[in-house]
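Have a look at start_3.cif; it's mmCIF, C-alpha atoms; chains and numbers go by the auth columns:
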```cif
data_entry
loop_
_atom_site.group_PDB
_atom_site.id
_atom_site.type_symbol
_atom_site.label_atom_id
_atom_site.label_comp_id
_atom_site.label_asym_id
_atom_site.label_seq_id
_atom_site.Cartn_x
_atom_site.Cartn_y
_atom_site.Cartn_z
_atom_site.B_iso_or_equiv
_atom_site.auth_seq_id
_atom_site.auth_asym_id
ATOM 1 C CA MET A 1 139.980 35.128 18.834 0.00 27 A
ATOM 2 C CA ASP A 2 136.648 36.936 18.815 0.00 28 A
ATOM 3 C CA PHE A 3 134.913 36.101 22.094 0.00 29 A
ATOM 4 C CA GLY A 4 131.497 36.798 20.587 0.00 30 A
ATOM 5 C CA ILE A 5 130.309 39.186 23.300 0.00 31 A
ATOM 6 C CA ARG A 6 130.416 42.511 21.451 0.00 32 A
ATOM 7 C CA GLY A 7 127.358 44.537 22.377 0.00 33 A
ATOM 8 C CA LYS A 8 126.778 42.728 25.683 0.00 34 A
ATOM 9 C CA ARG A 9 126.383 44.742 28.897 0.00 35 A
ATOM 10 C CA ALA A 10 128.424 44.022 32.030 0.00 36 A
ATOM 11 C CA LEU A 11 128.376 45.080 35.654 0.00 37 A
ATOM 12 C CA VAL A 12 131.883 44.941 37.122 0.00 38 A
ATOM 13 C CA CYS A 13 132.184 45.545 40.861 0.00 39 A
ATOM 14 C CA ALA A 14 135.139 47.180 42.610 0.00 40 A
ATOM 15 C CA SER A 15 136.493 48.118 39.207 0.00 41 A
ATOM 16 C CA SER A 16 138.228 51.469 39.630 0.00 42 A
ATOM 17 C CA LYS A 17 141.592 49.727 40.043 0.00 43 A
ATOM 18 C CA GLY A 18 143.322 46.391 40.487 0.00 44 A
ATOM 19 C CA LEU A 19 141.802 43.122 39.333 0.00 45 A
ATOM 20 C CA GLY A 20 138.338 44.599 38.868 0.00 46 A
ATOM 21 C CA ARG A 21 139.715 47.213 36.500 0.00 47 A
ATOM 22 C CA GLY A 22 141.683 44.533 34.667 0.00 48 A
ATOM 23 C CA CYS A 23 138.427 42.642 34.070 0.00 49 A
ATOM 24 C CA ALA A 24 136.602 45.791 32.972 0.00 50 A
ATOM 25 C CA GLU A 25 139.303 46.683 30.464 0.00 51 A
ATOM 26 C CA ALA A 26 139.406 43.172 29.014 0.00 52 A
ATOM 27 C CA LEU A 27 135.625 43.162 28.544 0.00 53 A
ATOM 28 C CA ALA A 28 135.716 46.638 27.008 0.00 54 A
ATOM 29 C CA GLY A 29 138.342 45.360 24.580 0.00 55 A
ATOM 30 C CA GLU A 30 135.767 42.797 23.430 0.00 56 A
ATOM 31 C CA GLY A 31 133.197 45.526 22.781 0.00 57 A
ATOM 32 C CA VAL A 32 131.195 45.080 25.978 0.00 58 A
ATOM 33 C CA SER A 33 129.490 48.154 27.450 0.00 59 A
ATOM 34 C CA LEU A 34 130.141 48.630 31.145 0.00 60 A
ATOM 35 C CA VAL A 35 128.595 49.627 34.420 0.00 61 A
ATOM 36 C CA LEU A 36 131.499 50.228 36.792 0.00 62 A
ATOM 37 C CA ASN A 37 131.176 50.318 40.556 0.00 63 A
ATOM 38 C CA ALA A 38 133.551 51.339 43.322 0.00 64 A
ATOM 39 C CA ARG A 39 133.330 53.262 46.570 0.00 65 A
ATOM 40 C CA GLY A 40 135.604 56.135 45.566 0.00 66 A
ATOM 41 C CA ALA A 41 133.922 58.413 43.036 0.00 67 A
ATOM 42 C CA GLN A 42 137.060 60.233 41.906 0.00 68 A
ATOM 43 C CA ALA A 43 139.097 57.139 41.013 0.00 69 A
ATOM 44 C CA LEU A 44 136.015 55.572 39.434 0.00 70 A
ATOM 45 C CA GLU A 45 135.441 58.523 37.101 0.00 71 A
ATOM 46 C CA VAL A 46 139.102 58.574 36.067 0.00 72 A
ATOM 47 C CA THR A 47 138.967 54.876 35.219 0.00 73 A
ATOM 48 C CA ALA A 48 135.703 55.275 33.292 0.00 74 A
ATOM 49 C CA ALA A 49 137.082 58.160 31.230 0.00 75 A
ATOM 50 C CA GLU A 50 140.239 56.224 30.377 0.00 76 A
ATOM 51 C CA ILE A 51 138.272 53.134 29.314 0.00 77 A
ATOM 52 C CA ARG A 52 135.903 55.196 27.153 0.00 78 A
ATOM 53 C CA ALA A 53 138.842 56.916 25.444 0.00 79 A
ATOM 54 C CA ARG A 54 140.797 53.708 24.895 0.00 80 A
ATOM 55 C CA PHE A 55 138.046 51.304 23.839 0.00 81 A
ATOM 56 C CA GLY A 56 135.182 53.504 22.650 0.00 82 A
ATOM 57 C CA VAL A 57 132.483 51.643 24.595 0.00 83 A
ATOM 58 C CA PRO A 58 129.689 53.133 26.726 0.00 84 A
ATOM 59 C CA VAL A 59 130.678 53.256 30.406 0.00 85 A
ATOM 60 C CA GLU A 60 128.367 54.174 33.274 0.00 86 A
ATOM 61 C CA THR A 61 129.535 54.590 36.852 0.00 87 A
ATOM 62 C CA VAL A 62 127.967 54.077 40.262 0.00 88 A
ATOM 63 C CA ALA A 63 129.932 55.163 43.327 0.00 89 A
ATOM 64 C CA ALA A 64 128.584 53.002 46.151 0.00 90 A
ATOM 65 C CA ASP A 65 129.617 50.386 48.695 0.00 91 A
ATOM 66 C CA ILE A 66 128.478 47.174 47.023 0.00 92 A
ATOM 67 C CA THR A 67 128.712 45.302 50.336 0.00 93 A
ATOM 68 C CA THR A 68 125.763 47.232 51.791 0.00 94 A
ATOM 69 C CA GLU A 69 122.095 46.776 50.969 0.00 95 A
ATOM 70 C CA ALA A 70 121.724 50.458 50.080 0.00 96 A
ATOM 71 C CA GLY A 71 124.823 50.358 47.894 0.00 97 A
ATOM 72 C CA ARG A 72 123.610 47.296 46.007 0.00 98 A
ATOM 73 C CA ALA A 73 120.209 48.886 45.437 0.00 99 A
ATOM 74 C CA LYS A 74 121.884 51.968 43.966 0.00 100 A
ATOM 75 C CA VAL A 75 124.085 49.879 41.675 0.00 101 A
ATOM 76 C CA LEU A 76 121.286 47.592 40.521 0.00 102 A
ATOM 77 C CA ALA A 77 119.034 50.551 39.713 0.00 103 A
ATOM 78 C CA VAL A 78 121.612 51.841 37.253 0.00 104 A
ATOM 79 C CA ALA A 79 122.728 48.449 35.936 0.00 105 A
ATOM 80 C CA GLY A 80 119.262 47.271 34.920 0.00 106 A
ATOM 81 C CA GLU A 81 119.439 44.206 32.700 0.00 107 A
ATOM 82 C CA VAL A 82 123.013 43.010 32.325 0.00 108 A
ATOM 83 C CA ASP A 83 124.394 40.028 30.446 0.00 109 A
ATOM 84 C CA ILE A 84 127.613 39.725 32.453 0.00 110 A
ATOM 85 C CA LEU A 85 128.199 40.097 36.187 0.00 111 A
ATOM 86 C CA VAL A 86 131.687 40.256 37.688 0.00 112 A
ATOM 87 C CA THR A 87 131.505 40.256 41.485 0.00 113 A
ATOM 88 C CA ASN A 88 134.403 41.610 43.480 0.00 114 A
ATOM 89 C CA ALA A 89 134.989 43.158 46.893 0.00 115 A
ATOM 90 C CA GLY A 90 138.072 43.884 48.922 0.00 116 A
ATOM 91 C CA GLY A 91 139.162 41.066 51.177 0.00 117 A
ATOM 92 C CA PRO A 92 138.981 41.208 54.977 0.00 118 A
ATOM 93 C CA PRO A 93 142.104 42.298 56.852 0.00 119 A
ATOM 94 C CA PRO A 94 144.718 39.713 57.825 0.00 120 A
ATOM 95 C CA GLY A 95 145.184 38.733 61.421 0.00 121 A
ATOM 96 C CA VAL A 96 145.497 35.938 63.959 0.00 122 A
ATOM 97 C CA TRP A 97 142.728 33.395 64.532 0.00 123 A
ATOM 98 C CA THR A 98 142.598 33.975 68.283 0.00 124 A
ATOM 99 C CA ASP A 99 141.804 37.664 67.768 0.00 125 A
ATOM 100 C CA TRP A 100 138.811 37.393 65.401 0.00 126 A
ATOM 101 C CA THR A 101 135.406 38.049 66.902 0.00 127 A
ATOM 102 C CA ARG A 102 131.950 37.050 65.742 0.00 128 A
ATOM 103 C CA ASP A 103 131.514 40.562 64.321 0.00 129 A
ATOM 104 C CA ASP A 104 134.693 40.127 62.272 0.00 130 A
ATOM 105 C CA PHE A 105 133.346 36.936 60.733 0.00 131 A
ATOM 106 C CA ILE A 106 129.914 38.458 60.058 0.00 132 A
ATOM 107 C CA ALA A 107 131.537 41.415 58.265 0.00 133 A
ATOM 108 C CA ALA A 108 133.679 39.075 56.145 0.00 134 A
ATOM 109 C CA VAL A 109 130.726 36.866 55.208 0.00 135 A
ATOM 110 C CA ASP A 110 128.593 39.908 54.373 0.00 136 A
ATOM 111 C CA ALA A 111 131.219 41.341 52.051 0.00 137 A
ATOM 112 C CA ASN A 112 132.729 38.271 50.425 0.00 138 A
ATOM 113 C CA MET A 113 129.898 35.727 50.444 0.00 139 A
ATOM 114 C CA LEU A 114 126.485 37.304 50.890 0.00 140 A
ATOM 115 C CA THR A 115 127.155 40.297 48.618 0.00 141 A
ATOM 116 C CA PRO A 116 127.910 38.188 45.514 0.00 142 A
ATOM 117 C CA VAL A 117 125.031 35.862 46.431 0.00 143 A
ATOM 118 C CA ALA A 118 122.651 38.850 46.555 0.00 144 A
ATOM 119 C CA LEU A 119 123.878 40.117 43.174 0.00 145 A
ATOM 120 C CA ILE A 120 123.484 36.673 41.639 0.00 146 A
ATOM 121 C CA GLN A 121 119.960 36.383 43.022 0.00 147 A
ATOM 122 C CA ALA A 122 119.085 39.823 41.642 0.00 148 A
ATOM 123 C CA LEU A 123 120.533 39.464 38.144 0.00 149 A
ATOM 124 C CA VAL A 124 120.679 35.796 37.145 0.00 150 A
ATOM 125 C CA PRO A 125 116.885 35.303 36.839 0.00 151 A
ATOM 126 C CA GLY A 126 116.836 37.946 34.099 0.00 152 A
ATOM 127 C CA MET A 127 119.764 36.285 32.346 0.00 153 A
ATOM 128 C CA MET A 128 117.916 32.969 32.465 0.00 154 A
ATOM 129 C CA ALA A 129 114.771 34.516 31.020 0.00 155 A
ATOM 130 C CA ARG A 130 116.804 35.946 28.118 0.00 156 A
ATOM 131 C CA GLY A 131 118.642 32.656 27.601 0.00 157 A
ATOM 132 C CA TRP A 132 122.215 33.883 28.073 0.00 158 A
ATOM 133 C CA GLY A 133 124.421 35.129 30.887 0.00 159 A
ATOM 134 C CA ARG A 134 127.815 34.973 32.512 0.00 160 A
ATOM 135 C CA VAL A 135 128.803 35.391 36.157 0.00 161 A
ATOM 136 C CA VAL A 136 132.420 35.482 37.265 0.00 162 A
ATOM 137 C CA ASN A 137 133.199 35.802 40.975 0.00 163 A
ATOM 138 C CA ILE A 138 136.643 37.039 41.929 0.00 164 A
ATOM 139 C CA THR A 139 137.502 34.961 44.988 0.00 165 A
ATOM 140 C CA SER A 140 140.989 33.817 46.060 0.00 166 A
ATOM 141 C CA ARG A 141 143.482 30.995 45.728 0.00 167 A
ATOM 142 C CA ALA A 142 142.914 30.608 49.466 0.00 168 A
ATOM 143 C CA VAL A 143 139.819 28.483 48.771 0.00 169 A
ATOM 144 C CA LYS A 144 142.203 25.884 47.307 0.00 170 A
ATOM 145 C CA ALA A 145 145.124 26.458 49.660 0.00 171 A
ATOM 146 C CA PRO A 146 144.144 28.458 52.763 0.00 172 A
ATOM 147 C CA LEU A 147 146.426 31.192 54.032 0.00 173 A
ATOM 148 C CA ALA A 148 146.729 31.284 57.817 0.00 174 A
ATOM 149 C CA ALA A 149 146.702 35.084 58.140 0.00 175 A
ATOM 150 C CA LEU A 150 143.642 35.350 55.882 0.00 176 A
ATOM 151 C CA GLY A 151 141.290 33.156 57.871 0.00 177 A
ATOM 152 C CA LEU A 152 138.382 35.572 57.507 0.00 178 A
ATOM 153 C CA SER A 153 138.769 35.498 53.739 0.00 179 A
ATOM 154 C CA ASN A 154 139.271 31.713 53.719 0.00 180 A
ATOM 155 C CA THR A 155 135.974 31.286 55.544 0.00 181 A
ATOM 156 C CA ALA A 156 133.786 33.690 53.565 0.00 182 A
ATOM 157 C CA ARG A 157 135.095 32.866 50.106 0.00 183 A
ATOM 158 C CA THR A 158 134.853 29.131 50.687 0.00 184 A
ATOM 159 C CA GLY A 159 131.207 29.640 51.593 0.00 185 A
ATOM 160 C CA LEU A 160 130.633 31.428 48.285 0.00 186 A
ATOM 161 C CA THR A 161 132.393 28.588 46.483 0.00 187 A
ATOM 162 C CA GLY A 162 129.926 26.110 47.925 0.00 188 A
ATOM 163 C CA PHE A 163 126.968 28.252 46.906 0.00 189 A
ATOM 164 C CA VAL A 164 128.268 28.545 43.347 0.00 190 A
ATOM 165 C CA ALA A 165 128.931 24.806 43.104 0.00 191 A
ATOM 166 C CA GLY A 166 125.249 24.057 43.571 0.00 192 A
ATOM 167 C CA THR A 167 123.648 27.096 41.940 0.00 193 A
ATOM 168 C CA SER A 168 125.721 27.029 38.751 0.00 194 A
ATOM 169 C CA ARG A 169 124.434 23.582 37.877 0.00 195 A
ATOM 170 C CA GLN A 170 120.831 24.642 38.390 0.00 196 A
ATOM 171 C CA VAL A 171 121.004 27.551 35.931 0.00 197 A
ATOM 172 C CA ALA A 172 123.326 26.179 33.239 0.00 198 A
ATOM 173 C CA ALA A 173 120.530 24.756 31.078 0.00 199 A
ATOM 174 C CA SER A 174 119.200 28.306 30.659 0.00 200 A
ATOM 175 C CA GLY A 175 122.429 29.434 28.992 0.00 201 A
ATOM 176 C CA VAL A 176 123.894 31.018 32.117 0.00 202 A
ATOM 177 C CA THR A 177 127.300 30.028 33.458 0.00 203 A
ATOM 178 C CA ILE A 178 128.671 30.866 36.901 0.00 204 A
ATOM 179 C CA ASN A 179 132.366 30.358 37.637 0.00 205 A
ATOM 180 C CA ASN A 180 134.985 31.610 40.085 0.00 206 A
ATOM 181 C CA LEU A 181 138.376 33.123 39.312 0.00 207 A
ATOM 182 C CA LEU A 182 140.964 32.513 42.032 0.00 208 A
ATOM 183 C CA PRO A 183 143.767 35.073 41.959 0.00 209 A
ATOM 184 C CA GLY A 184 147.122 34.454 43.503 0.00 210 A
ATOM 185 C CA SER A 185 149.567 37.317 44.007 0.00 211 A
ATOM 186 C CA HIS A 186 149.021 40.119 41.519 0.00 212 A
ATOM 187 C CA ASP A 187 150.555 43.563 41.295 0.00 213 A
ATOM 188 C CA THR A 188 147.776 45.375 43.161 0.00 214 A
ATOM 189 C CA ASP A 189 147.413 47.623 46.179 0.00 215 A
ATOM 190 C CA ARG A 190 146.358 44.659 48.328 0.00 216 A
ATOM 191 C CA ILE A 191 149.500 42.593 47.709 0.00 217 A
ATOM 192 C CA ARG A 192 151.667 45.663 48.258 0.00 218 A
ATOM 193 C CA ALA A 193 149.921 46.276 51.591 0.00 219 A
ATOM 194 C CA MET A 194 150.437 42.629 52.555 0.00 220 A
ATOM 195 C CA ASP A 195 154.127 42.875 51.690 0.00 221 A
ATOM 196 C CA ALA A 196 154.461 46.001 53.830 0.00 222 A
ATOM 197 C CA ARG A 197 152.730 44.310 56.785 0.00 223 A
ATOM 198 C CA ASN A 198 154.828 41.154 56.558 0.00 224 A
ATOM 199 C CA ALA A 199 158.039 43.118 56.092 0.00 225 A
ATOM 200 C CA GLU A 200 157.346 44.980 59.321 0.00 226 A
ATOM 201 C CA LEU A 201 156.557 41.760 61.191 0.00 227 A
ATOM 202 C CA LYS A 202 159.756 40.092 59.977 0.00 228 A
ATOM 203 C CA GLY A 203 162.041 43.113 60.226 0.00 229 A
ATOM 204 C CA LEU A 204 162.709 43.084 56.471 0.00 230 A
ATOM 205 C CA THR A 205 162.631 45.737 53.807 0.00 231 A
ATOM 206 C CA VAL A 206 159.528 45.610 51.617 0.00 232 A
ATOM 207 C CA GLU A 207 161.678 44.660 48.629 0.00 233 A
ATOM 208 C CA ASP A 208 163.293 41.765 50.541 0.00 234 A
ATOM 209 C CA GLN A 209 159.867 40.585 51.681 0.00 235 A
ATOM 210 C CA LYS A 210 158.617 40.613 48.083 0.00 236 A
ATOM 211 C CA THR A 211 161.694 38.717 46.891 0.00 237 A
ATOM 212 C CA GLU A 212 161.193 36.096 49.611 0.00 238 A
ATOM 213 C CA ARG A 213 157.511 35.725 48.756 0.00 239 A
ATOM 214 C CA LEU A 214 158.168 35.273 45.057 0.00 240 A
ATOM 215 C CA THR A 215 160.521 32.351 45.670 0.00 241 A
ATOM 216 C CA THR A 216 157.413 30.172 46.132 0.00 242 A
ATOM 217 C CA ASN A 217 155.972 31.083 42.728 0.00 243 A
ATOM 218 C CA PRO A 218 157.123 28.998 39.732 0.00 244 A
ATOM 219 C CA VAL A 219 156.789 32.020 37.431 0.00 245 A
ATOM 220 C CA GLY A 220 158.892 34.105 39.813 0.00 246 A
ATOM 221 C CA ARG A 221 156.799 37.250 39.602 0.00 247 A
ATOM 222 C CA ASP A 222 153.412 38.721 40.432 0.00 248 A
ATOM 223 C CA GLY A 223 150.637 38.512 37.893 0.00 249 A
ATOM 224 C CA THR A 224 149.234 41.597 36.205 0.00 250 A
ATOM 225 C CA PRO A 225 145.661 42.885 36.234 0.00 251 A
ATOM 226 C CA GLU A 226 145.713 42.585 32.437 0.00 252 A
ATOM 227 C CA GLU A 227 146.477 38.857 32.599 0.00 253 A
ATOM 228 C CA PHE A 228 143.756 38.339 35.151 0.00 254 A
ATOM 229 C CA GLY A 229 141.293 40.360 33.108 0.00 255 A
ATOM 230 C CA ALA A 230 141.973 38.255 30.027 0.00 256 A
ATOM 231 C CA ALA A 231 141.035 35.116 31.967 0.00 257 A
ATOM 232 C CA CYS A 232 137.832 36.808 33.107 0.00 258 A
ATOM 233 C CA ALA A 233 136.917 37.850 29.576 0.00 259 A
ATOM 234 C CA PHE A 234 137.404 34.285 28.345 0.00 260 A
ATOM 235 C CA LEU A 235 135.050 32.908 31.017 0.00 261 A
ATOM 236 C CA CYS A 236 132.510 35.471 29.786 0.00 262 A
ATOM 237 C CA SER A 237 132.927 34.431 26.162 0.00 263 A
ATOM 238 C CA GLN A 238 130.685 32.406 23.904 0.00 264 A
ATOM 239 C CA GLN A 239 133.478 29.814 23.746 0.00 265 A
ATOM 240 C CA ALA A 240 133.270 29.221 27.525 0.00 266 A
ATOM 241 C CA ALA A 241 129.639 28.068 27.421 0.00 267 A
ATOM 242 C CA PHE A 242 130.622 24.538 28.547 0.00 268 A
ATOM 243 C CA ILE A 243 132.568 25.706 31.615 0.00 269 A
ATOM 244 C CA VAL A 244 130.219 25.543 34.602 0.00 270 A
ATOM 245 C CA GLY A 245 130.825 25.834 38.340 0.00 271 A
ATOM 246 C CA GLN A 246 134.614 25.832 38.091 0.00 272 A
ATOM 247 C CA ASN A 247 137.307 27.417 40.257 0.00 273 A
ATOM 248 C CA VAL A 248 140.019 28.654 37.926 0.00 274 A
ATOM 249 C CA LEU A 249 143.383 29.452 39.498 0.00 275 A
ATOM 250 C CA VAL A 250 145.282 32.407 38.096 0.00 276 A
ATOM 251 C CA ASP A 251 148.324 32.221 40.331 0.00 277 A
ATOM 252 C CA GLY A 252 151.438 31.370 38.308 0.00 278 A
ATOM 253 C CA GLY A 253 151.313 27.782 39.568 0.00 279 A
ATOM 254 C CA GLU A 254 151.822 28.716 43.223 0.00 280 A
ATOM 255 C CA VAL A 255 149.160 26.300 44.457 0.00 281 A
ATOM 256 C CA ASN A 256 150.920 22.976 44.103 0.00 282 A
ATOM 257 C CA ALA A 257 148.131 20.465 43.479 0.00 283 A
ATOM 258 C CA THR A 258 147.339 17.810 40.903 0.00 284 A
ATOM 259 C CA ILE A 259 143.640 18.736 40.783 0.00 285 A
#
```

Structure encoded using structure tokens:
Amino acid sequence: MDFGIRGKRALVCASSKGLGRGCAEALAGEGVSLVLNARGAQALEVTAAEIRARFGVPVETVAADITTEAGRAKVLAVAGEVDILVTNAGGPPPGVWTDWTRDDFIAAVDANMLTPVALIQALVPGMMARGWGRVVNITSRAVKAPLAALGLSNTARTGLTGFVAGTSRQVAASGVTINNLLPGSHDTDRIRAMDARNAELKGLTVEDQKTERLTTNPVGRDGTPEEFGAACAFLCSQQAAFIVGQNVLVDGGEVNATI
């Protein structure tokens, strides 16, 4: 299927690896030119070079911390007018609810709620004026089924979900859609770090911890960045124009819910 977005321009945040890179590659495969952002310049340049070589699309890079005001300003100056925005930022660290301080919550909300809100506020008005745009926020399955150790993430990402629920319906008539993608466990550095932490807490090997974790997933495995990226590219497609304000789980069926 041709998604009808060849020649569009996308900003993809935190895209040097993991789910962000999966989204960038899927969009590049549809002929979308890219502005890639990540904090680490070296990994970012390697990713950009590989995407250029594989897909033959223009790729610009901005090494900056998207969760800071200065970082966002740097990224937005390079991005200019974009048709597609994919927001993404690393999740807050796991922990125990009794240990989290006000500063911990403020940091989580800044990174995982207020950063995507600021990017939406900066870029969606231009999309509306041009009559077309797509925003996909990478959030978490935790907004559907909270994870006790990820309370900081649960809190911040649920706040973003509420913002999107209202805002998406205000901009849809201008040809702009805003939706959220909710990843479950994917083969990324973050899930490997979580497995290592939980293995240490339980006195297990990392492999045994992973095996135990996967028993709760109907598919019986972790997802891949490529699978996640394909879902992102579809939400950015012309065919997804009637999908507005939705929270799409990409989790192998791990969240057990009728709706």

Residue members of the PyMOL selection byres ((chain A and resi 250-261) around 7) in the file shown, as a ChimeraX atom specification
/A:29,44-45,48-49,52-53,162,212-213,248-249,262-263,266,276

Could you list, as a CSV table (one decimal) with C-alpha atoms, in the frame of the given file, every residue matched by the PyMOL selection byres ((chain A and resi 68-79) around 12) in this structure?
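Contents of the output file expr-v8.csv:
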```
chain,number,residue,atom,x,y,z
A,38,VAL,CA,131.9,44.9,37.1
A,39,CYS,CA,132.2,45.5,40.9
A,40,ALA,CA,135.1,47.2,42.6
A,41,SER,CA,136.5,48.1,39.2
A,42,SER,CA,138.2,51.5,39.6
A,43,LYS,CA,141.6,49.7,40.0
A,44,GLY,CA,143.3,46.4,40.5
A,46,GLY,CA,138.3,44.6,38.9
A,47,ARG,CA,139.7,47.2,36.5
A,48,GLY,CA,141.7,44.5,34.7
A,49,CYS,CA,138.4,42.6,34.1
A,50,ALA,CA,136.6,45.8,33.0
A,51,GLU,CA,139.3,46.7,30.5
A,52,ALA,CA,139.4,43.2,29.0
A,53,LEU,CA,135.6,43.2,28.5
A,54,ALA,CA,135.7,46.6,27.0
A,55,GLY,CA,138.3,45.4,24.6
A,57,GLY,CA,133.2,45.5,22.8
A,58,VAL,CA,131.2,45.1,26.0
A,59,SER,CA,129.5,48.2,27.4
A,60,LEU,CA,130.1,48.6,31.1
A,61,VAL,CA,128.6,49.6,34.4
A,62,LEU,CA,131.5,50.2,36.8
A,63,ASN,CA,131.2,50.3,40.6
A,64,ALA,CA,133.6,51.3,43.3
A,65,ARG,CA,133.3,53.3,46.6
A,66,GLY,CA,135.6,56.1,45.6
A,67,ALA,CA,133.9,58.4,43.0
A,80,ARG,CA,140.8,53.7,24.9
A,81,PHE,CA,138.0,51.3,23.8
A,82,GLY,CA,135.2,53.5,22.6
A,83,VAL,CA,132.5,51.6,24.6
A,84,PRO,CA,129.7,53.1,26.7
A,85,VAL,CA,130.7,53.3,30.4
A,86,GLU,CA,128.4,54.2,33.3
A,87,THR,CA,129.5,54.6,36.9
A,88,VAL,CA,128.0,54.1,40.3
A,89,ALA,CA,129.9,55.2,43.3
A,90,ALA,CA,128.6,53.0,46.2
```

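Among A:Ala191, A:Gly271, A:Arg156, A:Gly117, the residue with the shortest atom-to-atom distance to Met220 (chain A), counting all atoms listed in the file, is A:Gly117.
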
Handout entry: Gap from CA of Arg223 (chain A) to CA of Thr181 (chain A) - Å, one decimal
Key =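 Pair CA of Arg223 (chain A) / CA of Thr181 (chain A) returns 21.3 Å.
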
When the PyMOL selection byres ((chain A and resi 202-206) around 10) is applied to the file above, which residues end up in the set, as a CSV table (one decimal) with C-alpha atoms, in the coordinates of the input?
```
chain,number,residue,atom,x,y,z
A,109,ASP,CA,124.4,40.0,30.4
A,110,ILE,CA,127.6,39.7,32.5
A,111,LEU,CA,128.2,40.1,36.2
A,112,VAL,CA,131.7,40.3,37.7
A,113,THR,CA,131.5,40.3,41.5
A,146,ILE,CA,123.5,36.7,41.6
A,150,VAL,CA,120.7,35.8,37.1
A,151,PRO,CA,116.9,35.3,36.8
A,153,MET,CA,119.8,36.3,32.3
A,154,MET,CA,117.9,33.0,32.5
A,155,ALA,CA,114.8,34.5,31.0
A,156,ARG,CA,116.8,35.9,28.1
A,157,GLY,CA,118.6,32.7,27.6
A,158,TRP,CA,122.2,33.9,28.1
A,159,GLY,CA,124.4,35.1,30.9
A,160,ARG,CA,127.8,35.0,32.5
A,161,VAL,CA,128.8,35.4,36.2
A,162,VAL,CA,132.4,35.5,37.3
A,163,ASN,CA,133.2,35.8,41.0
A,164,ILE,CA,136.6,37.0,41.9
A,165,THR,CA,137.5,35.0,45.0
A,166,SER,CA,141.0,33.8,46.1
A,186,LEU,CA,130.6,31.4,48.3
A,187,THR,CA,132.4,28.6,46.5
A,190,VAL,CA,128.3,28.5,43.3
A,191,ALA,CA,128.9,24.8,43.1
A,193,THR,CA,123.6,27.1,41.9
A,194,SER,CA,125.7,27.0,38.8
A,195,ARG,CA,124.4,23.6,37.9
A,196,GLN,CA,120.8,24.6,38.4
A,197,VAL,CA,121.0,27.6,35.9
A,198,ALA,CA,123.3,26.2,33.2
A,199,ALA,CA,120.5,24.8,31.1
A,200,SER,CA,119.2,28.3,30.7
A,201,GLY,CA,122.4,29.4,29.0
A,207,LEU,CA,138.4,33.1,39.3
A,208,LEU,CA,141.0,32.5,42.0
A,209,PRO,CA,143.8,35.1,42.0
A,258,CYS,CA,137.8,36.8,33.1
A,261,LEU,CA,135.0,32.9,31.0
A,262,CYS,CA,132.5,35.5,29.8
A,266,ALA,CA,133.3,29.2,27.5
A,267,ALA,CA,129.6,28.1,27.4
A,268,PHE,CA,130.6,24.5,28.5
A,269,ILE,CA,132.6,25.7,31.6
A,270,VAL,CA,130.2,25.5,34.6
A,271,GLY,CA,130.8,25.8,38.3
A,272,GLN,CA,134.6,25.8,38.1
A,273,ASN,CA,137.3,27.4,40.3
A,274,VAL,CA,140.0,28.7,37.9
A,275,LEU,CA,143.4,29.5,39.5
```

### Query
To one decimal place, how far is CA of Ala174 (chain A) from CA of Val281 (chain A) in Å?
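Separating CA of Ala174 (chain A) from CA of Val281 (chain A) is a distance of 14.5 Å.
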
Taken to one decimal, the CA of Arg167 (chain A)-CA of Thr284 (chain A) distance is 14.6 Å

Inset, instruction - Could you tell me which of A:Val143, A:Leu176, A:Ile92, A:Leu149 comes closest to Phe131 (chain A) if we count only C-alpha atoms? - result: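 Using only C-alpha atoms, Phe131 (chain A) sits closest to A:Leu176.
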
For Ala99 (chain A), which of A:Leu145, A:Met139, A:Leu227, A:Ala115 is the closest residue, counting all atoms listed in the file?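 Distance minimum relative to Ala99 (chain A) lands on A:Leu145.
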
Q: Counting all atoms listed in the file, write as a PyMOL selection string all protein and nucleic acid residues lying at most 6 Å from (135.7, 37.1, 51.4) in the file's frame.
A: chain A and resi 117+134+138+179+182-183

Add whatever atoms are absent from region 32-39 of chain A to reach N, CA and C atoms, and provide the output as a PDB file, in the coordinates of the input.
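The new file part.pdb reads:
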```pdb
ATOM      1  N   ARG A  32     130.561  41.098  21.811  1.00  0.00           N
ATOM      2  CA  ARG A  32     130.416  42.511  21.451  1.00  0.00           C
ATOM      3  C   ARG A  32     128.951  42.914  21.566  1.00  0.00           C
ATOM      4  N   GLY A  33     128.720  44.053  22.205  1.00  0.00           N
ATOM      5  CA  GLY A  33     127.358  44.537  22.377  1.00  0.00           C
ATOM      6  C   GLY A  33     126.684  44.064  23.656  1.00  0.00           C
ATOM      7  N   LYS A  34     127.317  43.143  24.391  1.00  0.00           N
ATOM      8  CA  LYS A  34     126.778  42.728  25.683  1.00  0.00           C
ATOM      9  C   LYS A  34     126.992  43.856  26.702  1.00  0.00           C
ATOM     10  N   ARG A  35     126.309  43.727  27.837  1.00  0.00           N
ATOM     11  CA  ARG A  35     126.383  44.742  28.897  1.00  0.00           C
ATOM     12  C   ARG A  35     126.839  44.052  30.178  1.00  0.00           C
ATOM     13  N   ALA A  36     127.835  44.643  30.841  1.00  0.00           N
ATOM     14  CA  ALA A  36     128.424  44.022  32.030  1.00  0.00           C
ATOM     15  C   ALA A  36     128.416  44.969  33.215  1.00  0.00           C
ATOM     16  N   LEU A  37     128.153  44.401  34.383  1.00  0.00           N
ATOM     17  CA  LEU A  37     128.376  45.080  35.654  1.00  0.00           C
ATOM     18  C   LEU A  37     129.638  44.507  36.261  1.00  0.00           C
ATOM     19  N   VAL A  38     130.619  45.370  36.524  1.00  0.00           N
ATOM     20  CA  VAL A  38     131.883  44.941  37.122  1.00  0.00           C
ATOM     21  C   VAL A  38     132.060  45.688  38.441  1.00  0.00           C
ATOM     22  N   CYS A  39     132.105  44.949  39.529  1.00  0.00           N
ATOM     23  CA  CYS A  39     132.184  45.545  40.861  1.00  0.00           C
ATOM     24  C   CYS A  39     133.632  45.812  41.262  1.00  0.00           C
TER      25      CYS A  39
END
```
